[in-house]
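Colleague: The following file, input-v2.cif, comprises mmCIF, C-alpha atoms and all ligand atoms:
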data_query
loop_
_atom_site.label_atom_id
_atom_site.label_comp_id
_atom_site.auth_asym_id
_atom_site.auth_seq_id
_atom_site.Cartn_x
_atom_site.Cartn_y
_atom_site.Cartn_z
CA MET C 1 215.68 -14.50 -129.39
CA LYS C 2 212.21 -15.65 -128.51
CA ILE C 3 209.46 -13.11 -127.98
CA ALA C 4 206.01 -13.89 -126.60
CA VAL C 5 203.51 -11.56 -128.25
CA LEU C 6 200.46 -10.97 -126.03
CA PRO C 7 198.18 -8.38 -127.68
CA GLY C 8 195.32 -8.51 -125.14
CA ASP C 9 192.19 -6.40 -125.35
CA GLY C 10 190.83 -3.10 -126.68
CA ILE C 11 193.45 -1.32 -128.77
CA GLY C 12 196.05 -3.96 -127.73
CA PRO C 13 195.88 -6.02 -130.96
CA GLU C 14 195.99 -2.88 -133.17
CA ILE C 15 199.06 -1.33 -131.55
CA VAL C 16 200.95 -4.59 -131.08
CA ALA C 17 200.48 -5.39 -134.79
CA GLU C 18 202.38 -2.18 -135.62
CA ALA C 19 205.22 -2.99 -133.20
CA VAL C 20 205.49 -6.49 -134.69
CA LYS C 21 205.69 -4.96 -138.18
CA VAL C 22 208.57 -2.80 -137.00
CA LEU C 23 210.42 -5.74 -135.39
CA GLN C 24 210.04 -7.78 -138.57
CA VAL C 25 211.96 -5.33 -140.75
CA LEU C 26 215.01 -5.32 -138.47
CA ASP C 27 216.83 -8.29 -139.98
CA LEU C 28 217.30 -9.92 -136.58
CA PRO C 29 216.77 -13.62 -135.78
CA LEU C 30 213.59 -13.03 -133.77
CA GLU C 31 211.12 -15.80 -133.10
CA LEU C 32 207.68 -14.35 -132.36
CA GLU C 33 204.83 -16.40 -130.95
CA SER C 34 201.40 -15.01 -130.04
CA ALA C 35 198.99 -16.06 -127.29
CA PRO C 36 195.77 -14.63 -125.84
CA VAL C 37 195.81 -12.73 -122.55
CA GLY C 38 193.31 -10.72 -120.49
CA GLY C 39 189.68 -10.55 -121.58
CA ALA C 40 190.56 -12.18 -124.92
CA ALA C 41 191.98 -15.17 -123.02
CA PHE C 42 188.98 -15.28 -120.71
CA GLU C 43 186.73 -15.53 -123.79
CA ALA C 44 188.96 -18.18 -125.41
CA ALA C 45 190.01 -20.28 -122.42
CA GLY C 46 188.00 -19.14 -119.38
CA HIS C 47 190.98 -17.51 -117.63
CA PRO C 48 192.82 -14.19 -118.17
CA LEU C 49 196.22 -15.91 -117.94
CA PRO C 50 195.81 -19.45 -119.30
CA ASP C 51 198.54 -22.01 -118.49
CA ALA C 52 199.66 -22.09 -122.14
CA THR C 53 200.13 -18.29 -122.21
CA LEU C 54 202.06 -18.35 -118.94
CA ALA C 55 204.25 -21.22 -120.19
CA LEU C 56 205.02 -19.30 -123.40
CA ALA C 57 205.88 -16.18 -121.38
CA LYS C 58 208.20 -18.14 -119.10
CA ALA C 59 209.96 -19.80 -122.04
CA SER C 60 210.58 -16.49 -123.85
CA ASP C 61 213.40 -13.96 -123.49
CA ALA C 62 210.90 -11.15 -123.57
CA ILE C 63 207.18 -10.44 -123.71
CA LEU C 64 205.65 -7.80 -125.94
CA PHE C 65 202.37 -6.93 -124.25
CA GLY C 66 199.55 -4.74 -125.55
CA ALA C 67 196.99 -3.96 -122.84
CA VAL C 68 194.21 -5.74 -121.02
CA GLY C 69 190.82 -4.75 -119.69
CA ASP C 70 187.38 -3.67 -120.69
CA TRP C 71 184.52 -2.30 -118.66
CA LYS C 72 182.40 -5.32 -119.66
CA TYR C 73 184.52 -7.55 -117.39
CA ASP C 74 184.03 -5.36 -114.29
CA THR C 75 181.37 -7.68 -112.88
CA LEU C 76 183.53 -10.83 -113.05
CA ASP C 77 185.03 -12.25 -109.85
CA ARG C 78 188.35 -10.49 -109.21
CA PRO C 79 190.59 -13.52 -110.05
CA LEU C 80 188.97 -13.75 -113.51
CA ARG C 81 189.28 -10.09 -114.43
CA PRO C 82 191.66 -9.22 -117.30
CA GLU C 83 193.97 -7.12 -115.06
CA GLN C 84 194.83 -10.27 -113.09
CA ALA C 85 196.84 -11.43 -116.11
CA ILE C 86 199.37 -8.65 -115.71
CA LEU C 87 199.62 -9.17 -111.95
CA GLY C 88 200.07 -12.91 -112.56
CA LEU C 89 202.84 -12.38 -115.12
CA ARG C 90 204.66 -10.00 -112.75
CA LYS C 91 204.40 -12.51 -109.93
CA HIS C 92 205.28 -15.68 -111.85
CA LEU C 93 208.21 -14.12 -113.68
CA GLY C 94 209.44 -12.11 -110.68
CA LEU C 95 209.30 -8.84 -112.64
CA PHE C 96 210.29 -6.56 -109.78
CA ALA C 97 211.78 -3.56 -111.60
CA ASN C 98 209.49 -1.33 -113.59
CA PHE C 99 211.14 1.28 -115.84
CA ARG C 100 208.92 4.15 -116.94
CA PRO C 101 210.78 6.80 -118.89
CA ALA C 102 209.06 10.15 -119.37
CA ILE C 103 210.65 11.83 -122.35
CA CYS C 104 209.36 14.96 -123.99
CA TYR C 105 209.90 14.91 -127.73
CA GLU C 106 210.74 18.39 -128.99
CA GLN C 107 208.02 18.20 -131.66
CA LEU C 108 205.39 17.50 -128.99
CA VAL C 109 206.26 20.19 -126.47
CA GLY C 110 202.94 21.88 -127.28
CA ALA C 111 200.94 18.76 -126.34
CA SER C 112 201.80 19.11 -122.65
CA SER C 113 199.56 20.96 -120.24
CA LEU C 114 202.70 22.50 -118.71
CA LYS C 115 204.56 25.53 -120.05
CA PRO C 116 207.05 24.58 -122.82
CA GLU C 117 210.05 25.86 -120.83
CA LEU C 118 209.22 23.47 -117.98
CA ILE C 119 209.20 20.33 -120.11
CA SER C 120 211.34 21.04 -123.16
CA GLY C 121 214.21 18.54 -123.01
CA LEU C 122 212.58 16.54 -120.21
CA ASP C 123 214.06 13.05 -119.84
CA ILE C 124 213.37 11.35 -116.52
CA LEU C 125 213.25 7.69 -115.59
CA ILE C 126 210.91 6.45 -112.88
CA ILE C 127 211.91 3.09 -111.44
CA ARG C 128 209.04 1.53 -109.53
CA GLU C 129 209.38 -1.57 -107.35
CA LEU C 130 206.72 -3.87 -108.71
CA THR C 131 206.27 -7.01 -106.63
CA GLY C 132 206.10 -5.80 -103.02
CA ASP C 133 204.54 -3.07 -100.88
CA ILE C 134 200.90 -2.71 -99.93
CA TYR C 135 199.76 -4.25 -103.26
CA PHE C 136 200.97 -7.70 -102.26
CA GLY C 137 201.49 -7.52 -98.47
CA GLN C 138 199.60 -10.02 -96.34
CA PRO C 139 197.42 -10.07 -94.34
CA ARG C 140 194.66 -8.17 -96.08
CA GLY C 141 190.92 -8.44 -96.07
CA ARG C 142 187.70 -7.40 -94.34
CA ARG C 143 186.73 -7.98 -90.75
CA THR C 144 185.00 -6.48 -87.74
CA ALA C 145 187.16 -3.83 -86.11
CA ALA C 146 188.47 -4.83 -82.69
CA ASP C 147 189.68 -1.30 -81.93
CA GLY C 148 190.25 2.04 -83.69
CA HIS C 149 187.72 4.89 -83.94
CA PHE C 150 184.74 2.58 -84.47
CA PRO C 151 185.21 -0.76 -82.65
CA GLY C 152 182.69 -3.34 -83.86
CA ALA C 153 182.30 -1.68 -87.27
CA GLU C 154 183.05 -3.45 -90.56
CA GLU C 155 186.54 -2.51 -91.81
CA ALA C 156 189.02 -3.36 -94.58
CA PHE C 157 192.81 -3.49 -94.26
CA ASP C 158 195.98 -4.05 -96.32
CA THR C 159 199.57 -4.53 -95.22
CA MET C 160 202.47 -2.33 -96.33
CA ARG C 161 205.76 -4.20 -96.06
CA TYR C 162 209.21 -4.35 -97.64
CA SER C 163 212.07 -6.71 -96.84
CA ARG C 164 215.73 -5.62 -96.96
CA PRO C 165 216.57 -7.72 -100.09
CA GLU C 166 213.57 -6.32 -101.95
CA ILE C 167 214.74 -2.76 -101.30
CA GLU C 168 218.39 -3.55 -101.97
CA ARG C 169 217.80 -5.06 -105.39
CA ILE C 170 215.61 -2.20 -106.67
CA ALA C 171 218.10 0.33 -105.26
CA HIS C 172 220.94 -1.37 -107.18
CA VAL C 173 218.85 -1.23 -110.35
CA ALA C 174 218.32 2.51 -109.84
CA PHE C 175 221.96 3.33 -109.09
CA GLN C 176 223.15 1.29 -112.07
CA ALA C 177 220.63 3.00 -114.35
CA ALA C 178 221.78 6.40 -113.05
CA ARG C 179 225.38 5.55 -113.90
CA LYS C 180 224.36 5.35 -117.55
CA ARG C 181 222.59 8.73 -117.31
CA SER C 182 223.41 11.87 -115.35
CA LYS C 183 224.33 10.03 -112.12
CA ARG C 184 221.52 11.32 -109.91
CA VAL C 185 218.97 9.26 -107.98
CA THR C 186 216.01 10.61 -106.03
CA SER C 187 214.51 8.05 -103.66
CA VAL C 188 210.88 8.83 -102.88
CA ASP C 189 209.42 7.72 -99.55
CA LYS C 190 207.09 8.71 -96.73
CA ALA C 191 209.64 8.16 -93.97
CA ASN C 192 208.13 10.88 -91.81
CA VAL C 193 204.97 8.81 -91.28
CA LEU C 194 205.53 5.19 -92.32
CA GLU C 195 207.89 2.69 -90.69
CA THR C 196 208.15 0.76 -93.97
CA PHE C 197 209.47 3.85 -95.74
CA GLN C 198 211.89 4.87 -92.98
CA PHE C 199 213.38 1.40 -93.52
CA TRP C 200 213.29 1.96 -97.30
CA LYS C 201 215.20 5.23 -96.86
CA ASP C 202 217.81 3.63 -94.57
CA VAL C 203 218.44 0.71 -96.93
CA VAL C 204 218.62 2.90 -100.07
CA THR C 205 221.13 5.12 -98.24
CA GLU C 206 223.26 2.07 -97.37
CA VAL C 207 223.20 0.78 -100.95
CA GLY C 208 224.06 4.29 -102.15
CA ARG C 209 227.40 4.10 -100.35
CA GLU C 210 228.43 1.48 -102.94
CA TYR C 211 227.89 4.10 -105.67
CA PRO C 212 229.93 7.11 -104.52
CA ASP C 213 229.84 8.51 -108.08
CA VAL C 214 226.02 8.75 -107.99
CA GLU C 215 224.37 11.61 -106.11
CA LEU C 216 221.45 10.46 -103.93
CA ASP C 217 218.72 12.58 -102.48
CA HIS C 218 215.51 11.66 -100.66
CA MET C 219 212.10 13.23 -101.07
CA TYR C 220 208.73 12.68 -99.45
CA VAL C 221 206.12 11.46 -101.90
CA ASP C 222 203.82 14.45 -101.43
CA ASN C 223 206.66 16.82 -102.27
CA ALA C 224 207.70 14.63 -105.22
CA ALA C 225 204.17 14.84 -106.64
CA MET C 226 204.37 18.63 -106.37
CA GLN C 227 207.92 18.94 -107.78
CA LEU C 228 206.99 16.79 -110.78
CA VAL C 229 204.64 19.49 -112.01
CA LYS C 230 206.58 22.47 -110.61
CA ALA C 231 210.09 21.65 -111.84
CA PRO C 232 210.17 18.20 -113.46
CA LYS C 233 213.62 18.68 -114.96
CA ARG C 234 215.17 18.63 -111.49
CA PHE C 235 214.77 14.81 -111.59
CA ASP C 236 216.85 12.23 -113.40
CA VAL C 237 216.28 8.73 -111.96
CA VAL C 238 213.47 8.42 -109.42
CA VAL C 239 213.22 5.19 -107.42
CA THR C 240 210.24 4.36 -105.27
CA GLY C 241 207.89 1.68 -103.96
CA ASN C 242 205.01 0.02 -105.73
CA MET C 243 202.15 2.30 -104.75
CA PHE C 244 203.96 5.65 -104.87
CA GLY C 245 205.52 4.57 -108.17
CA ASP C 246 202.13 3.70 -109.63
CA ILE C 247 200.85 7.20 -108.98
CA LEU C 248 204.02 9.19 -109.75
CA SER C 249 204.73 7.36 -113.01
CA ASP C 250 201.26 8.19 -114.33
CA GLU C 251 201.71 11.79 -113.27
CA ALA C 252 205.11 11.91 -114.99
CA SER C 253 203.73 10.34 -118.14
CA MET C 254 201.16 13.10 -118.54
CA LEU C 255 203.87 15.77 -118.32
CA THR C 256 204.80 14.88 -121.85
CA GLY C 257 201.35 15.40 -123.30
CA SER C 258 200.23 11.99 -124.40
CA ILE C 259 200.19 8.69 -122.67
CA GLY C 260 200.17 7.23 -126.20
CA MET C 261 203.90 7.99 -126.48
CA LEU C 262 205.28 6.31 -123.37
CA PRO C 263 206.81 2.85 -123.21
CA SER C 264 207.60 0.76 -120.16
CA ALA C 265 209.66 -2.25 -119.18
CA SER C 266 209.32 -4.65 -116.24
CA LEU C 267 212.40 -6.76 -115.62
CA ASN C 268 213.44 -9.64 -113.40
CA ASP C 269 216.93 -10.47 -112.16
CA ARG C 270 217.67 -12.46 -115.34
CA ASN C 271 216.86 -9.48 -117.59
CA GLN C 272 213.81 -11.28 -118.85
CA GLY C 273 211.23 -8.56 -119.34
CA LEU C 274 207.69 -7.59 -120.11
CA TYR C 275 207.40 -4.58 -122.40
CA GLU C 276 204.17 -2.64 -122.75
CA PRO C 277 202.86 0.85 -123.38
CA SER C 278 202.15 2.85 -120.22
CA HIS C 279 198.52 3.26 -121.17
CA GLY C 280 195.60 0.84 -120.88
CA SER C 281 193.38 -0.84 -123.44
CA ALA C 282 191.45 2.35 -124.30
CA PRO C 283 188.11 0.61 -124.98
CA ASP C 284 186.65 3.98 -126.03
CA ILE C 285 188.73 4.02 -129.24
CA ALA C 286 189.25 0.27 -129.81
CA GLY C 287 188.64 -0.94 -133.36
CA LYS C 288 188.60 2.58 -134.80
CA GLY C 289 192.15 2.52 -136.13
CA VAL C 290 193.05 5.78 -134.39
CA ALA C 291 195.18 4.60 -131.44
CA ASN C 292 198.74 5.81 -131.20
CA PRO C 293 201.06 2.81 -131.66
CA LEU C 294 204.27 4.70 -130.79
CA ALA C 295 204.34 3.77 -127.07
CA THR C 296 204.22 0.10 -128.07
CA ILE C 297 206.82 0.55 -130.80
CA LEU C 298 209.07 2.33 -128.28
CA SER C 299 208.43 -0.53 -125.82
CA ALA C 300 209.76 -2.90 -128.49
CA ALA C 301 212.88 -0.70 -128.64
CA MET C 302 213.30 -1.02 -124.86
CA MET C 303 212.92 -4.79 -125.26
CA LEU C 304 215.74 -4.90 -127.78
CA ARG C 305 217.95 -2.84 -125.48
CA PHE C 306 217.29 -4.49 -122.10
CA SER C 307 216.37 -8.13 -122.75
CA LEU C 308 217.78 -8.88 -126.19
CA GLN C 309 221.05 -6.91 -126.02
CA GLN C 310 220.45 -5.20 -129.37
CA PRO C 311 221.10 -1.55 -128.47
CA GLU C 312 221.76 -0.51 -132.07
CA ALA C 313 218.41 -1.83 -133.24
CA ALA C 314 216.78 -0.02 -130.29
CA ASP C 315 218.49 3.23 -131.29
CA ARG C 316 217.32 2.77 -134.88
CA ILE C 317 213.69 2.40 -133.81
CA GLU C 318 213.87 5.45 -131.54
CA SER C 319 215.42 7.51 -134.35
CA ALA C 320 212.72 6.32 -136.75
CA VAL C 321 210.04 7.49 -134.30
CA GLN C 322 211.75 10.89 -134.04
CA ALA C 323 211.85 11.01 -137.85
CA VAL C 324 208.11 10.42 -138.29
CA LEU C 325 207.36 13.08 -135.69
CA ALA C 326 209.69 15.45 -137.53
CA GLN C 327 207.74 14.68 -140.74
CA GLY C 328 204.70 16.08 -138.93
CA LEU C 329 202.77 12.81 -138.72
CA ARG C 330 200.44 12.62 -135.70
CA THR C 331 197.74 10.29 -134.42
CA ALA C 332 194.63 11.96 -133.02
CA ASP C 333 195.90 12.06 -129.41
CA ILE C 334 198.92 14.21 -130.33
CA HIS C 335 197.50 16.03 -133.33
CA SER C 336 197.73 19.81 -133.45
CA GLU C 337 197.22 22.45 -136.11
CA GLY C 338 199.73 22.29 -138.94
CA THR C 339 200.47 18.58 -138.53
CA THR C 340 199.17 15.63 -140.55
CA ARG C 341 196.65 13.38 -138.86
CA VAL C 342 197.19 9.66 -139.48
CA GLY C 343 195.70 6.43 -138.16
CA THR C 344 197.35 3.56 -136.28
CA ARG C 345 198.40 1.60 -139.36
CA ALA C 346 199.73 4.60 -141.28
CA MET C 347 201.83 5.59 -138.25
CA GLY C 348 203.31 2.07 -138.09
CA ASP C 349 203.98 2.13 -141.83
CA ALA C 350 205.75 5.47 -141.48
CA VAL C 351 208.06 4.08 -138.78
CA VAL C 352 208.81 1.07 -140.99
CA ALA C 353 209.56 3.40 -143.93
CA ALA C 354 211.83 5.57 -141.75
CA LEU C 355 213.68 2.43 -140.60
CA SER C 356 214.11 1.20 -144.14
CA SER C 357 215.43 4.54 -145.32
CA SER C 358 217.89 4.70 -142.38
CA LYS C 359 219.13 1.25 -143.42
CA THR C 360 219.52 2.35 -147.05
CA LYS C 361 221.49 5.39 -145.89
CA ALA C 362 223.73 3.21 -143.71
CA THR C 363 224.31 0.82 -146.62
CA ILE C 364 225.21 3.64 -148.98
CA LYS C 365 227.53 5.14 -146.36
CA GLY C 366 229.14 1.76 -145.67
P1 LIG C 401 193.47 3.99 -120.75
O1 LIG C 401 194.93 4.27 -120.64
O2 LIG C 401 193.08 2.76 -121.46
O3 LIG C 401 192.74 5.24 -121.47
C1 LIG C 401 192.76 6.56 -120.93
C2 LIG C 401 192.50 7.57 -122.07
O4 LIG C 401 193.66 7.63 -122.90
C3 LIG C 401 191.34 7.17 -122.99
O5 LIG C 401 190.67 8.32 -123.41
C4 LIG C 401 192.04 6.53 -124.19
O6 LIG C 401 191.31 6.65 -125.40
C5 LIG C 401 193.35 7.30 -124.24
N1 LIG C 401 194.44 6.47 -124.77
C6 LIG C 401 195.07 5.46 -124.13
N2 LIG C 401 196.00 4.90 -124.93
C7 LIG C 401 195.94 5.58 -126.09
C8 LIG C 401 196.66 5.47 -127.33
N3 LIG C 401 197.63 4.55 -127.54
N4 LIG C 401 196.35 6.32 -128.33
C9 LIG C 401 195.42 7.25 -128.15
N5 LIG C 401 194.71 7.43 -127.02
C10 LIG C 401 194.97 6.59 -125.99
O7 LIG C 401 192.90 3.99 -119.27
P2 LIG C 401 191.44 3.70 -118.72
O8 LIG C 401 190.42 4.24 -119.68
O9 LIG C 401 191.43 4.17 -117.33
O10 LIG C 401 191.34 2.12 -118.71
C11 LIG C 401 190.78 1.34 -119.77
C12 LIG C 401 191.00 -0.12 -119.47
O11 LIG C 401 192.40 -0.39 -119.50
C13 LIG C 401 190.51 -0.58 -118.10
O12 LIG C 401 189.90 -1.83 -118.23
C14 LIG C 401 191.79 -0.67 -117.27
O13 LIG C 401 191.70 -1.61 -116.24
C15 LIG C 401 192.76 -1.10 -118.32
N6 LIG C 401 194.18 -0.81 -118.04
C16 LIG C 401 195.07 -1.77 -118.40
C17 LIG C 401 196.43 -1.55 -118.21
C18 LIG C 401 197.39 -2.64 -118.67
O14 LIG C 401 197.01 -3.48 -119.48
N7 LIG C 401 198.63 -2.64 -118.22
C19 LIG C 401 196.88 -0.34 -117.65
C20 LIG C 401 195.94 0.63 -117.32
C21 LIG C 401 194.57 0.39 -117.53
#
Could you write out this structure as structure tokens?
Ligand code: NAD
Modeller:
Amino acid sequence: MKIAVLPGDGIGPEIVAEAVKVLQVLDLPLELESAPVGGAAFEAAGHPLPDATLALAKASDAILFGAVGDWKYDTLDRPLRPEQAILGLRKHLGLFANFRPAICYEQLVGASSLKPELISGLDILIIRELTGDIYFGQPRGRRTAADGHFPGAEEAFDTMRYSRPEIERIAHVAFQAARKRSKRVTSVDKANVLETFQFWKDVVTEVGREYPDVELDHMYVDNAAMQLVKAPKRFDVVVTGNMFGDILSDEASMLTGSIGMLPSASLNDRNQGLYEPSHGSAPDIAGKGVANPLATILSAAMMLRFSLQQPEAADRIESAVQAVLAQGLRTADIHSEGTTRVGTRAMGDAVVAALSSSKTKATIKG
């Protein structure tokens, strides 16, 4: 089981180090190899996704990714900016299915800006199509307007498009995921205004007929944004396009209080995946040893479950995270009165200790 470890920039190296520590105590035959990505790779090799890093990613079963980006790179030409590394990896590996769970841990109910009764027990899964839509559609660019409200004026344009196979494959992913949960899928679109999303709705409906045991409903994206804060527990699996998914998954992640807790997975059709925390590189706290490593540790758990077929090891990590939260340990982003504030490394150590004690218990029991 080969894992490419790409720490990246900002807090990336600090949080990935903790996830690696956790993976190393699992007693699994994991081969980990690191490479630079993002701004770190630009500094080292003049490109955010050097050929050697891409080759390592392609040759691995899974990628454990930290985060990329820093304000200091904002003046670089777009193709050299750190964020291009993540877009490049998605494109080259065909990572079309993005899984973003939003789970509210009981011990952190108070960290949410919503009322406890709205989010207690929350467990939703947003599945975002990741390689199509207006983010990649051609043509795009700037030109002089030939028509519209201001003919002759300078204008910019992008193209929203989805092909039938692109919609079908993400719909299958969503229905199959729902089968392992509470068998409900909400497909989010803007079919009332956009041709692309009327087509999306039609194709998802067709695919849904192959899953008669899964309940499908459709919702316009503006309503979905509202329902996510009004009654988030009404959702189970949400499937949507690239742009709507980008926005809704960030909204959903904040329901749970801290973005520092939320993992994500991006998979291709061979189950090869890129696993990363939902947050960015947090340059404001980089190097201070205060970042929350739990989203990255939970991303490693998703990696074991989805790409490496080690569901028991994934369960063990998730239980260890629950255990450290139950012990009252908190990084600054989730700290509240009556809990113990710890740094990045101490939080990683606590998860390792919880894992080791769960193993000892299992051994004694066995
Ligand atoms: P961000 O997610 O990095 O930070 C937003 C806020 O959340 C900051 O206050 C930060 O300190 C805090 N935060 C984030 N992760 C945390 C953690 N693990 N523990 C504690 N606090 C945490 O978003 P941003 O500030 O908008 O972007 C910073 C940089 O990250 C930019 O260069 C952006 O392009 C990049 N970015 C990268 C990715 C990625 O690598 N996939 C995703 C989003 C943003």
Colleague: Residues within 8 Å of ligand LIG 401 (chain C) should be enumerated using all atoms listed in the file and returned as a PyMOL selection string.
Modeller: chain C and resi 8+10-11+15+65-71+73-74+82-83+86+258-261+276-285+290-296+331-333
Colleague: Can you pull out every residue within 10 Å of Lys233 of chain C, counting all atoms listed in the file, but drop anything in the same chain fewer than 4 positions away, and send it as a short mmCIF file (atom, residue, chain, number, x, y, z; two decimals) with C-alpha atoms, keeping the file's coordinate frame?
Modeller:
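Result saved to selection-v2.cif:
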data_model
loop_
_atom_site.label_atom_id
_atom_site.label_comp_id
_atom_site.auth_asym_id
_atom_site.auth_seq_id
_atom_site.Cartn_x
_atom_site.Cartn_y
_atom_site.Cartn_z
CA GLU C 117 210.05 25.86 -120.83
CA LEU C 118 209.22 23.47 -117.98
CA ILE C 119 209.20 20.33 -120.11
CA SER C 120 211.34 21.04 -123.16
CA GLY C 121 214.21 18.54 -123.01
CA LEU C 122 212.58 16.54 -120.21
CA ASP C 123 214.06 13.05 -119.84
CA ILE C 124 213.37 11.35 -116.52
CA GLN C 227 207.92 18.94 -107.78
CA LEU C 228 206.99 16.79 -110.78
CA VAL C 229 204.64 19.49 -112.01
#
Colleague: Rounded to one decimal in Å, what is the spacing between atom CA of Ala300 of chain C and atom CA of Ala265 of chain C?
Modeller: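 We find that atom CA of Ala300 of chain C and atom CA of Ala265 of chain C lie 9.3 Å from each other.
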Colleague: May I have the centre and edge lengths, in Å to one decimal, of an axis-aligned box around the listed atoms of segment 220-230 of chain C with 4 Å added to every side, as JSON?
Modeller:
{"center_x": 206.3, "center_y": 17.0, "center_z": -105.7, "size_x": 12.9, "size_y": 19.0, "size_z": 20.6}
Colleague: Applying 12 Å and all atoms listed in the file, which residues near Ala45 of chain C remain after dropping the ones on its own chain fewer than 6 positions away? List them as a list in words.
Modeller: Ala35, Pro36, Val37, Gly38, Gly39, Asp51, Ala52, Thr53 and Leu80 of chain C
Colleague: Which residues are close to Gly141 of chain C, i.e. within 7 Å by only C-alpha atoms, leaving aside same-chain residues fewer than 6 positions away? Reply as a PDB file with C-alpha atoms, keeping the file's coordinate frame.
Modeller:
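Heads up, here's the output in out.pdb:
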ATOM      1  CA  ALA C 156     189.020  -3.360 -94.580  1.00  0.00           C
ATOM      2  CA  PHE C 157     192.810  -3.490 -94.260  1.00  0.00           C
ATOM      3  CA  ASP C 158     195.980  -4.050 -96.320  1.00  0.00           C
TER       4      ASP C 158
END
Colleague: Determine the nearest neighbour of Val238 of chain C from the options C:Ala171, C:Val203, C:Ile317, C:Leu355, counting only C-alpha atoms.
Modeller: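 Once distances to Val238 of chain C are computed over only C-alpha atoms, the minimum belongs to C:Ala171.
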Colleague: At a cut-off of 6 Å, using only C-alpha atoms, what residues contact Ala314 of chain C? Leave out same-chain residues fewer than 4 positions from it and give the result as a ChimeraX atom specification.
Modeller: /C:301,304-305
Colleague: Quick one: of C:Pro165, C:Gly241, C:Met303, C:His335, who's nearest to Met1 of chain C, counting all atoms listed in the file?
Modeller: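 The shortest atom-to-atom distance to Met1 of chain C comes from C:Met303.
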Colleague: At a cut-off of 12 Å, using all atoms listed in the file, what residues contact Asp222 of chain C? Leave out same-chain residues fewer than 5 positions from it and give the result as a VMD selection string.
Modeller: chain C and resid 188 to 193 227 to 229 244 247 to 248
Colleague: For those residues, write C-alpha atoms to a file as a PDB file, keeping the file's coordinate frame.
Modeller:
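Dumped to result_26.pdb:
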ATOM      1  CA  VAL C 188     210.880   8.830-102.880  1.00  0.00           C
ATOM      2  CA  ASP C 189     209.420   7.720 -99.550  1.00  0.00           C
ATOM      3  CA  LYS C 190     207.090   8.710 -96.730  1.00  0.00           C
ATOM      4  CA  ALA C 191     209.640   8.160 -93.970  1.00  0.00           C
ATOM      5  CA  ASN C 192     208.130  10.880 -91.810  1.00  0.00           C
ATOM      6  CA  VAL C 193     204.970   8.810 -91.280  1.00  0.00           C
ATOM      7  CA  GLN C 227     207.920  18.940-107.780  1.00  0.00           C
ATOM      8  CA  LEU C 228     206.990  16.790-110.780  1.00  0.00           C
ATOM      9  CA  VAL C 229     204.640  19.490-112.010  1.00  0.00           C
ATOM     10  CA  PHE C 244     203.960   5.650-104.870  1.00  0.00           C
ATOM     11  CA  ILE C 247     200.850   7.200-108.980  1.00  0.00           C
ATOM     12  CA  LEU C 248     204.020   9.190-109.750  1.00  0.00           C
TER      13      LEU C 248
END
Colleague: Can you work out which one of C:Lys201, C:Leu255, C:Asp213, C:Leu23 has the shortest atom-to-atom distance to Lys115 of chain C, counting all atoms listed in the file?
Modeller: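 Checking each of C:Lys201, C:Leu255, C:Asp213, C:Leu23 against Lys115 of chain C, counting all atoms listed in the file, the winner is C:Leu255.
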Colleague: Tell me which residues come within 7 Å of (216.1, 8.5, -105.2), as JSON, numbers by chain, counting only C-alpha atoms in the file's coordinates.
Modeller: {"C": [185, 186, 187, 188, 216, 217, 218, 237, 238, 239]}
Colleague: Can you spit out the residues from that selection as a PDB file, in the frame of the given file, using C-alpha atoms?
Modeller:
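Result file is part19.pdb:
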ATOM      1  CA  VAL C 185     218.970   9.260-107.980  1.00  0.00           C
ATOM      2  CA  THR C 186     216.010  10.610-106.030  1.00  0.00           C
ATOM      3  CA  SER C 187     214.510   8.050-103.660  1.00  0.00           C
ATOM      4  CA  VAL C 188     210.880   8.830-102.880  1.00  0.00           C
ATOM      5  CA  LEU C 216     221.450  10.460-103.930  1.00  0.00           C
ATOM      6  CA  ASP C 217     218.720  12.580-102.480  1.00  0.00           C
ATOM      7  CA  HIS C 218     215.510  11.660-100.660  1.00  0.00           C
ATOM      8  CA  VAL C 237     216.280   8.730-111.960  1.00  0.00           C
ATOM      9  CA  VAL C 238     213.470   8.420-109.420  1.00  0.00           C
ATOM     10  CA  VAL C 239     213.220   5.190-107.420  1.00  0.00           C
TER      11      VAL C 239
END
Colleague: I need the residue nearest Ser264 of chain C from this list: C:Gly289, C:Pro79, C:Pro101, C:Pro13. Use all atoms listed in the file for the distance.
Modeller: C:Pro101
Colleague: What does the structure give for the distance between atom CA of Ser357 of chain C and atom CA of Leu262 of chain C, in Å to one decimal?
Modeller: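 Distance reported for this atom pair: 24.2 Å.
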Colleague: What does the distance from atom CA of Val25 of chain C to atom CA of Gly257 of chain C come to in Å, to one decimal?
Modeller: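 Separation of atom CA of Val25 of chain C and atom CA of Gly257 of chain C: 29.1 Å.
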Colleague: Calculated over all atoms listed in the file, which of the candidates C:His172, C:Ser266, C:Ser253, C:Val16 has the smallest distance to Arg90 of chain C?
Modeller: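 Checking each candidate against Arg90 of chain C, we get C:Ser266 as the closest.
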Colleague: Looking at all atoms listed in the file, which of C:Gly328, C:Gly132, C:Pro212, C:Pro116 is the one that sits closest to Ala231 of chain C?
Modeller: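 Among the listed residues, C:Pro116 lies closest to Ala231 of chain C.
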